[in-house]
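J.: If it helps, the file is called structure_10.txt and holds compact mmCIF, C-alpha atoms:
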# COMPACT_ATOMS: atom_id res chain seq x y z
CA MET A 244 -0.67 -26.25 19.96
CA LYS A 245 1.52 -23.27 19.14
CA LYS A 246 3.58 -25.51 16.85
CA TYR A 247 0.54 -26.54 14.81
CA PHE A 248 -0.73 -22.99 14.52
CA PHE A 249 2.50 -21.64 13.10
CA ILE A 250 2.80 -24.59 10.69
CA ILE A 251 -0.68 -23.69 9.36
CA LEU A 252 0.33 -20.02 9.19
CA ALA A 253 3.46 -20.75 7.15
CA CYS A 254 1.65 -23.03 4.70
CA SER A 255 -1.12 -20.50 4.11
CA PHE A 256 1.32 -17.67 3.41
CA GLN A 257 3.03 -19.85 0.82
CA LEU A 258 -0.32 -20.65 -0.80
CA ALA A 259 -1.50 -17.04 -0.69
CA PHE A 260 1.50 -15.69 -2.56
CA SER A 261 1.46 -18.36 -5.27
CA ASN A 262 0.03 -17.41 -8.68
CA PRO A 263 -3.79 -17.52 -8.77
CA ILE A 264 -5.57 -19.73 -11.31
CA LYS A 265 -6.95 -17.43 -13.98
CA ASP A 266 -9.58 -19.69 -15.49
CA SER A 267 -11.70 -20.17 -12.44
CA ILE A 268 -13.10 -15.69 -9.10
CA TYR A 269 -10.48 -14.33 17.61
CA ALA A 270 -9.79 -14.06 21.36
CA ASN A 271 -8.09 -13.83 24.75
CA LYS A 272 -9.17 -16.95 26.67
CA PHE A 273 -12.90 -17.60 26.88
CA HIS A 274 -14.16 -14.11 27.68
CA ASN A 275 -13.00 -12.99 24.22
CA LEU A 276 -15.01 -15.74 22.54
CA LEU A 277 -17.78 -13.16 22.34
CA LEU A 278 -15.50 -10.92 20.33
CA LEU A 279 -14.51 -13.58 17.83
CA SER A 280 -17.89 -14.78 16.79
CA GLU A 281 -18.09 -11.89 14.33
CA TYR A 282 -14.74 -11.85 12.55
CA GLU A 283 -13.98 -9.46 9.72
CA TYR A 284 -15.53 -11.14 6.71
CA GLU A 285 -15.26 -9.27 3.44
CA ASP A 286 -17.59 -9.96 0.54
CA CYS A 287 -16.05 -9.79 -2.89
CA ASP A 288 -19.26 -8.66 -4.60
CA ALA A 289 -17.51 -8.56 -7.97
CA CYS A 290 -20.44 -10.25 -9.70
CA GLY A 291 -23.26 -8.44 -8.16
CA CYS A 292 -23.13 -6.41 -4.97
CA SER A 293 -19.91 -4.57 -4.40
CA ALA A 294 -22.12 -1.53 -4.49
CA SER A 295 -23.83 -2.72 -1.33
CA SER A 296 -20.88 -2.10 0.92
CA GLY A 297 -17.70 -3.40 -0.68
CA GLY A 298 -17.35 -5.65 2.32
CA LEU A 299 -19.90 -6.77 4.82
CA GLY A 300 -18.31 -7.51 8.21
CA PHE A 301 -19.98 -8.54 11.42
CA GLY A 302 -17.54 -7.25 14.00
CA SER A 303 -14.07 -6.96 15.40
CA MET A 304 -11.77 -9.62 16.82
CA LEU A 305 -10.95 -7.66 19.97
CA ASN A 306 -14.06 -5.54 20.58
CA SER A 307 -17.39 -7.17 21.41
CA ASN A 308 -19.32 -3.89 21.46
CA PHE A 309 -17.80 -0.97 19.61
CA VAL A 310 -17.95 1.92 17.18
CA GLY A 311 -15.25 2.28 14.58
CA VAL A 312 -14.11 2.97 11.06
CA ARG A 313 -12.87 0.50 8.46
CA TYR A 314 -11.16 0.94 5.08
CA LEU A 315 -11.42 -1.71 2.37
CA ASN A 316 -9.59 -1.75 -0.96
CA GLN A 317 -10.49 -4.27 -3.67
CA SER A 318 -8.52 -4.63 -6.91
CA TYR A 319 -9.92 -6.23 -10.06
CA THR A 320 -9.04 -6.59 -13.72
CA SER A 321 -11.92 -6.91 -16.17
CA LYS A 322 -12.70 -6.70 -19.86
CA ASP A 323 -13.71 -3.31 -21.23
CA GLY A 324 -16.31 -4.74 -23.58
CA ILE A 325 -18.01 -7.99 -24.52
CA PHE A 326 -15.76 -9.14 -27.39
CA ASP A 327 -12.84 -11.60 -27.29
CA ASN A 328 -10.36 -8.89 -28.24
CA SER A 329 -11.75 -6.29 -25.81
CA PRO A 330 -8.97 -4.72 -23.71
CA TRP A 331 -8.51 -5.51 -20.02
CA VAL A 332 -8.78 -2.61 -17.58
CA ASP A 333 -7.79 -2.10 -13.94
CA GLU A 334 -10.53 -1.37 -11.41
CA ASN A 335 -10.18 -0.23 -7.80
CA PHE A 336 -13.05 -0.29 -5.32
CA ASN A 337 -12.41 1.81 -2.20
CA THR A 338 -14.81 1.83 0.72
CA ILE A 339 -14.72 3.66 4.06
CA GLN A 340 -17.22 2.21 6.50
CA ILE A 341 -18.56 3.51 9.79
CA TRP A 342 -19.66 0.46 11.73
CA SER A 343 -20.89 -0.44 15.19
CA LYS A 344 -21.94 -3.41 17.32
CA ILE A 345 -24.38 -2.58 20.12
CA PRO A 346 -25.92 -5.01 22.64
CA ILE A 347 -29.69 -4.88 23.13
CA THR A 348 -30.01 -7.78 25.57
CA GLU A 349 -27.65 -10.49 26.81
CA ARG A 350 -28.36 -12.57 23.71
CA ILE A 351 -29.22 -9.94 21.07
CA GLN A 352 -26.82 -7.54 19.33
CA ILE A 353 -27.45 -5.00 16.58
CA PHE A 354 -24.86 -4.45 13.86
CA THR A 355 -24.88 -1.38 11.57
CA LEU A 356 -22.70 -0.54 8.57
CA ILE A 357 -22.63 2.82 6.75
CA PRO A 358 -20.34 2.71 3.66
CA PHE A 359 -18.90 5.55 1.60
CA GLN A 360 -17.70 4.46 -1.84
CA HIS A 361 -15.00 5.75 -4.19
CA HIS A 362 -14.45 3.50 -7.22
CA SER A 363 -12.26 4.08 -10.26
CA ARG A 364 -11.27 2.27 -13.47
CA GLU A 365 -8.86 2.94 -16.31
CA LEU A 366 -10.81 2.76 -19.59
CA SER A 367 -9.35 3.20 -23.06
CA THR A 368 -11.19 6.54 -23.18
CA GLY A 369 -9.73 7.69 -19.87
CA LYS A 370 -10.19 7.29 -16.12
CA GLU A 371 -13.73 6.93 -14.80
CA GLU A 372 -14.64 7.59 -11.14
CA ILE A 373 -17.79 7.35 -9.05
CA GLN A 374 -18.29 8.14 -5.37
CA GLY A 375 -20.95 8.65 -2.74
CA LEU A 376 -22.89 7.08 0.10
CA GLY A 377 -23.38 3.34 -0.33
CA ASP A 378 -26.14 1.02 0.85
CA ILE A 379 -26.63 0.97 4.63
CA THR A 380 -26.93 -2.42 6.36
CA VAL A 381 -28.67 -3.14 9.68
CA MET A 382 -28.60 -6.64 11.14
CA GLY A 383 -29.51 -8.44 14.35
CA MET A 384 -27.63 -11.44 15.81
CA TYR A 385 -29.08 -13.86 18.38
CA THR A 386 -26.94 -16.20 20.51
CA LEU A 387 -28.53 -19.66 20.37
CA TYR A 388 -25.92 -21.44 22.46
CA GLN A 389 -22.89 -20.43 24.49
CA THR A 390 -20.69 -22.48 26.82
CA HIS A 391 -20.55 -21.17 30.38
CA LYS A 392 -17.26 -19.56 31.33
CA ASP A 393 -16.52 -21.90 34.22
CA SER A 394 -17.66 -25.17 32.61
CA ILE A 395 -14.89 -26.71 30.47
CA THR A 396 -11.76 -25.68 28.63
CA LEU A 397 -13.32 -26.39 25.21
CA THR A 398 -15.82 -23.60 24.52
CA HIS A 399 -18.51 -23.12 21.88
CA LYS A 400 -20.72 -20.32 20.66
CA LEU A 401 -23.44 -20.42 18.00
CA GLN A 402 -25.19 -17.32 16.66
CA MET A 403 -27.80 -16.81 13.97
CA GLY A 404 -29.31 -13.64 12.61
CA GLY A 405 -30.65 -11.62 9.75
CA GLY A 406 -30.91 -8.12 8.44
CA VAL A 407 -31.61 -5.76 5.61
CA LYS A 408 -29.53 -3.72 3.18
CA MET A 409 -31.30 -0.49 2.26
CA PRO A 410 -31.03 1.23 -1.17
CA THR A 411 -29.40 4.40 0.14
CA GLY A 412 -26.67 4.34 -2.51
CA LYS A 413 -27.22 5.57 -6.06
CA PHE A 414 -27.61 3.03 -8.88
CA ASN A 415 -26.64 4.48 -12.29
CA GLU A 416 -27.80 2.31 -15.18
CA ALA A 417 -25.25 3.93 -17.51
CA ASN A 418 -22.37 2.45 -15.51
CA ASN A 419 -23.39 -1.05 -16.66
CA LEU A 420 -23.58 -0.30 -20.38
CA GLY A 421 -20.84 -1.90 -22.50
CA THR A 422 -18.84 -3.20 -19.54
CA VAL A 423 -18.43 -6.66 -18.08
CA ASN A 424 -18.24 -5.69 -14.41
CA GLN A 425 -21.83 -4.88 -13.47
CA SER A 426 -20.75 -3.98 -9.93
CA PHE A 427 -19.20 -0.62 -10.76
CA GLN A 428 -21.91 1.15 -8.77
CA VAL A 429 -22.20 3.17 -5.58
CA GLY A 430 -25.43 1.34 -4.68
CA THR A 431 -27.54 -1.53 -6.00
CA GLY A 432 -30.81 0.40 -5.80
CA SER A 433 -32.53 -2.62 -4.25
CA TRP A 434 -33.75 -3.84 -0.87
CA ASP A 435 -31.72 -6.95 -0.02
CA TYR A 436 -32.06 -9.38 2.89
CA LEU A 437 -29.37 -11.28 4.80
CA LEU A 438 -29.35 -14.56 6.73
CA VAL A 439 -26.30 -15.40 8.88
CA ALA A 440 -24.99 -18.39 10.87
CA ASP A 441 -21.82 -18.12 12.96
CA TYR A 442 -19.99 -20.74 15.04
CA VAL A 443 -16.85 -20.47 17.22
CA ILE A 444 -14.94 -23.26 18.94
CA GLN A 445 -11.92 -22.56 21.15
CA LYS A 446 -9.54 -24.37 23.47
CA ASN A 447 -7.13 -22.28 25.52
CA ASN A 448 -5.60 -19.71 23.14
CA LEU A 449 -6.31 -21.52 19.86
CA GLY A 450 -9.66 -21.43 18.13
CA MET A 451 -11.61 -21.68 14.90
CA ASN A 452 -14.44 -19.50 13.57
CA LEU A 453 -16.87 -20.74 10.88
CA LEU A 454 -19.38 -18.43 9.21
CA MET A 455 -21.98 -18.62 6.45
CA ASP A 456 -24.32 -15.96 5.11
CA TYR A 457 -26.82 -15.74 2.29
CA THR A 458 -28.06 -12.54 0.66
CA ILE A 459 -31.44 -12.47 -1.09
CA LYS A 460 -31.48 -9.65 -3.64
CA THR A 461 -34.52 -8.00 -5.17
CA GLU A 462 -35.20 -6.04 -8.34
CA ASN A 463 -34.52 -2.31 -8.26
CA LYS A 464 -36.55 0.50 -9.85
CA ARG A 465 -34.53 0.16 -13.05
CA ASN A 466 -35.67 -3.47 -13.42
CA TYR A 467 -32.18 -4.71 -12.63
CA GLN A 468 -31.66 -7.51 -10.12
CA TYR A 469 -28.27 -8.68 -8.86
CA GLY A 470 -27.95 -12.41 -8.25
CA ASN A 471 -28.30 -13.91 -4.78
CA GLN A 472 -25.00 -14.47 -3.00
CA PHE A 473 -23.70 -17.20 -0.69
CA ASN A 474 -20.56 -16.59 1.39
CA TYR A 475 -18.69 -19.03 3.60
CA GLY A 476 -15.44 -18.86 5.53
CA GLY A 477 -13.26 -20.28 8.24
CA LEU A 478 -10.47 -18.79 10.33
CA PHE A 479 -7.91 -20.18 12.75
CA PHE A 480 -6.91 -17.65 15.40
CA TYR A 481 -4.39 -17.54 18.24
CA SER A 482 -4.53 -15.18 21.22
CA LEU A 483 -1.42 -13.59 22.73
CA GLU A 484 -1.00 -10.95 25.44
CA ALA A 485 2.06 -9.02 26.61
CA ASN A 486 2.25 -5.88 28.75
CA ALA A 487 -1.54 -5.39 28.57
CA VAL A 488 -1.39 -5.49 24.76
CA LYS A 489 -3.57 -8.12 23.11
CA ILE A 490 -2.33 -9.57 19.83
CA MET A 491 -4.36 -11.91 17.67
CA PRO A 492 -3.08 -13.28 14.33
CA HIS A 493 -5.56 -15.19 12.17
CA ILE A 494 -5.45 -17.20 8.97
CA GLY A 495 -8.00 -19.04 6.88
CA PHE A 496 -10.18 -18.95 3.78
CA VAL A 497 -13.21 -17.12 2.39
CA GLY A 498 -15.42 -18.37 -0.43
CA GLU A 499 -18.17 -16.61 -2.38
CA VAL A 500 -20.75 -17.89 -4.87
CA TYR A 501 -22.91 -15.61 -7.03
CA GLU A 502 -26.05 -16.41 -8.96
CA SER A 503 -26.75 -14.73 -12.32
CA ASN A 504 -28.03 -11.17 -12.54
CA LYS A 505 -31.36 -10.40 -14.21
CA GLN A 506 -32.76 -7.48 -16.18
CA HIS A 507 -36.51 -7.21 -16.83
CA GLY A 508 -36.73 -10.74 -15.46
CA GLN A 509 -34.30 -12.17 -18.02
CA VAL A 510 -31.09 -13.90 -16.93
CA LEU A 511 -27.95 -12.04 -18.07
CA PRO A 512 -25.13 -14.27 -19.37
CA ASN A 513 -21.68 -14.24 -17.75
CA THR A 514 -22.82 -12.59 -14.53
CA ALA A 515 -22.57 -15.59 -12.17
CA GLY A 516 -19.34 -16.77 -10.59
CA ASP A 517 -17.40 -18.06 -7.62
CA VAL A 518 -14.11 -17.30 -5.89
CA LEU A 519 -12.00 -18.78 -3.11
CA PHE A 520 -9.61 -16.51 -1.17
CA SER A 521 -6.89 -17.17 1.34
CA LYS A 522 -7.07 -14.70 4.22
CA PHE A 523 -4.50 -13.68 6.83
CA GLY A 524 -4.14 -10.77 9.20
CA ILE A 525 -3.65 -9.52 12.72
CA GLU A 526 -5.40 -7.33 15.27
CA VAL A 527 -3.76 -5.50 18.17
CA GLY A 528 -5.63 -4.01 21.11
CA LYS A 529 -4.85 -1.97 24.19
CA ASP A 530 -7.35 -0.53 26.65
CA LYS A 531 -10.43 0.45 24.65
CA PHE A 532 -8.76 0.74 21.23
CA SER A 533 -7.90 -1.89 18.65
CA LEU A 534 -6.22 -1.75 15.26
CA GLY A 535 -6.68 -4.50 12.70
CA MET A 536 -5.36 -5.30 9.24
CA SER A 537 -5.82 -8.21 6.88
CA ALA A 538 -5.18 -9.28 3.29
CA MET A 539 -6.93 -11.66 0.92
CA LEU A 540 -5.47 -13.28 -2.20
CA PRO A 541 -7.39 -15.45 -4.69
CA VAL A 542 -6.63 -19.17 -4.75
CA ASN A 543 -9.21 -20.14 -7.37
CA GLN A 544 -11.74 -18.04 -9.26
CA HIS A 545 -14.28 -18.09 -12.08
CA LEU A 546 -16.03 -14.73 -12.23
CA ALA A 547 -18.35 -13.52 -15.00
CA GLY A 548 -17.28 -16.23 -17.44
CA SER A 549 -13.61 -15.55 -16.60
CA ASN A 550 -14.02 -11.96 -17.82
CA ILE A 551 -13.31 -10.55 -14.34
CA GLU A 552 -10.27 -11.37 -12.21
CA ALA A 553 -9.96 -10.52 -8.53
CA ASN A 554 -6.40 -9.47 -7.68
CA TYR A 555 -6.38 -8.79 -3.94
CA ARG A 556 -8.18 -7.14 -1.04
CA LEU A 557 -6.75 -5.12 1.83
CA MET A 558 -8.58 -4.08 4.99
CA PHE A 559 -7.72 -1.80 7.95
CA ASN A 560 -9.95 -1.00 10.93
CA LEU A 561 -9.77 1.17 14.03
CA ASN A 562 -12.33 0.53 16.78
CA TYR A 563 -13.28 1.98 20.15
CA SER A 564 -14.83 -0.40 22.66
CA LEU A 565 -18.07 0.73 24.28
Can you turn what I pasted into structure tokens?

T.:
Amino acid sequence: MKKYFFIILACSFQLAFSNPIKDSIYANKFHNLLLLSEYEYEDCDACGCSASSGGLGFGSMLNSNFVGVRYLNQSYTSKDGIFDNSPWVDENFNTIQIWSKIPITERIQIFTLIPFQHHSRELSTGKEEIQGLGDITVMGMYTLYQTHKDSITLTHKLQMGGGVKMPTGKFNEANNLGTVNQSFQVGTGSWDYLLVADYVIQKNNLGMNLLMDYTIKTENKRNYQYGNQFNYGGLFFYSLEANAVKIMPHIGFVGEVYESNKQHGQVLPNTAGDVLFSKFGIEVGKDKFSLGMSAMLPVNQHLAGSNIEANYRLMFNLNYSL
């Protein structure tokens, strides 16, 4: 099985570093299956909710229950204006997140995410920057089914859950005027609701994690409503251990679909979109600490009527197991 994993790894790296199409936007044996059911899953949010967190993740690959810090960088290029000859500008979304995963019962876990945003873009009139506390997310996950440890070598785990994103970040209406990227915000200003389904299958050291989530977004006090968002993804992972150091490379894909934004109940043109990313990374753990890093590169995208292009995303996390 090692041979097949590394063949998949090599093919995905080749695909990830190929040119993107412009005209379209975990575990050590079975006991670590618990840790993998919430892999690092970053939302693009370029069409409607980067202000929410810049990247909503549900956990670490090597820590089932933890507190930690995560850094996410997202790079975009978008039009500075609504005309055909409007110039393209570079945008960088930077997010530092304090996150945790705490068990309430054997089947219930509570996930929290507190983001701090620092975004910048290079306009023709000069550099623009915004920063501040983002929108805090709280979510509960319930384990519907889990294979017993001593039953068979092929293991399964299915979780479902839901949560809320609170409008703790500032929404500035002026940031949306005259620009294509309506996500250049610290917060959305709205109460949003999440539904999540998560499935893990594993045999020996090799496994696969599938995840879907849907975010229902509401209108904020400025009568602006970001479009609902559907995310899906799949990862292959392989578990290694040497000298009490756990190493877990992973590779896969992440897709995101955005509905149109609305203002005063009216649909705004060129605010919907979709993107497919390749994703690859690694996490290393020893004792109670783990360090993770991953990268995402677009394979196919069509964001905001092709007026926004996602370039890449980078993520680093440091966790302490509880």

J.: Restricting the calculation to all atoms listed in the file, which member of A:Tyr469, A:Leu366, A:Asp441, A:Lys522 is positioned closest to Gln509 (chain A)?

T.: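 Of all the options, A:Tyr469 lies closest to Gln509 (chain A).
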
J.: Using all atoms listed in the file, pick whichever of A:Ser321, A:Asn550, A:Asn306, A:Asn328 has the shortest atom-to-atom distance to Lys344 (chain A).

T.: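 For Lys344 (chain A), the nearest of the given residues is A:Asn306.
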
J.: Nearest residue to Ser533 (chain A) out of A:Val423, A:Ile347, A:Leu315, A:Val310, using all atoms listed in the file?

T.: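 Looking at the shortest contact to Ser533 (chain A), the residue is A:Val310.
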
J.: Between A:Thr422, A:Gly477, A:Gly404, A:His361, which is the closest to Pro330 (chain A) once you count all atoms listed in the file?

T.: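 Distance minimum relative to Pro330 (chain A) lands on A:Thr422.
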
J.: Applying 8 Å and all atoms listed in the file, which residues near Met382 (chain A) remain after dropping the ones on its own chain fewer than 5 positions away? List them as a tab-separated table (two decimals) with C-alpha atoms, in the frame of the given file.

T.:
chain	number	residue	atom	x	y	z
A	353	ILE	CA	-27.45	-5.00	16.58
A	354	PHE	CA	-24.86	-4.45	13.86
A	355	THR	CA	-24.88	-1.38	11.57
A	404	GLY	CA	-29.31	-13.64	12.61
A	405	GLY	CA	-30.65	-11.62	9.75
A	406	GLY	CA	-30.91	-8.12	8.44
A	407	VAL	CA	-31.61	-5.76	5.61
A	437	LEU	CA	-29.37	-11.28	4.80

J.: Can you work out the spacing between CA of Gly516 (chain A) and CA of Asn418 (chain A) in Å, to one decimal?

T.: 20.1 Å

J.: With only C-alpha atoms as the atoms that count, which of A:Leu387, A:Met536, A:Val542, A:Ala515 lies nearest to Asn424 (chain A)?

T.: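 Between A:Leu387, A:Met536, A:Val542, A:Ala515, the residue approaching Asn424 (chain A) most closely is A:Ala515.
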
J.: Using Å and a single decimal, report how far CA of Thr458 (chain A) sits from CA of Asn471 (chain A).

T.: 5.6 Å

J.: Might you pull out every residue within 8 Å of Leu454 (chain A), with all atoms listed in the file counted and same-chain residues fewer than 5 positions away left off, and present them as a list in words?

T.: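 Counting only the stated atoms, we get Val439, Ala440, Asp441, Tyr442, Tyr475, Gly476 and Gly477 of chain A.
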
J.: Give the answer as one residue: which of A:Ser318, A:Gln352, A:Asn562, A:Ser363 has the shortest atom-to-atom distance to Gln340 (chain A), using all atoms listed in the file?

T.: A:Asn562

J.: Kindly give the distance, in Å, that separates CA of Phe523 (chain A) and CA of Lys322 (chain A), rounded to a single decimal.

T.: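 Spanning CA of Phe523 (chain A) to CA of Lys322 (chain A) is a straight-line distance of 28.8 Å.
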
J.: If we count only C-alpha atoms, what is near Gln468 (chain A) at a cut-off of 6 Å, once residues fewer than 6 positions away on the same chain are taken out, given as number ranges by chain?

T.: A: 461-462, 504-505

J.: Tell me, as a count of residues only, which residues lie within 6 Å of region 369-377 of chain A, counting all atoms listed in the file; anything in the same chain fewer than 2 positions away does not count.

T.: 13

J.: Write out as number ranges by chain the residues lying within 12 Å of Ala485 (chain A), counting only C-alpha atoms and excluding same-chain residues fewer than 6 positions away.

T.: A: 271, 491, 527-529
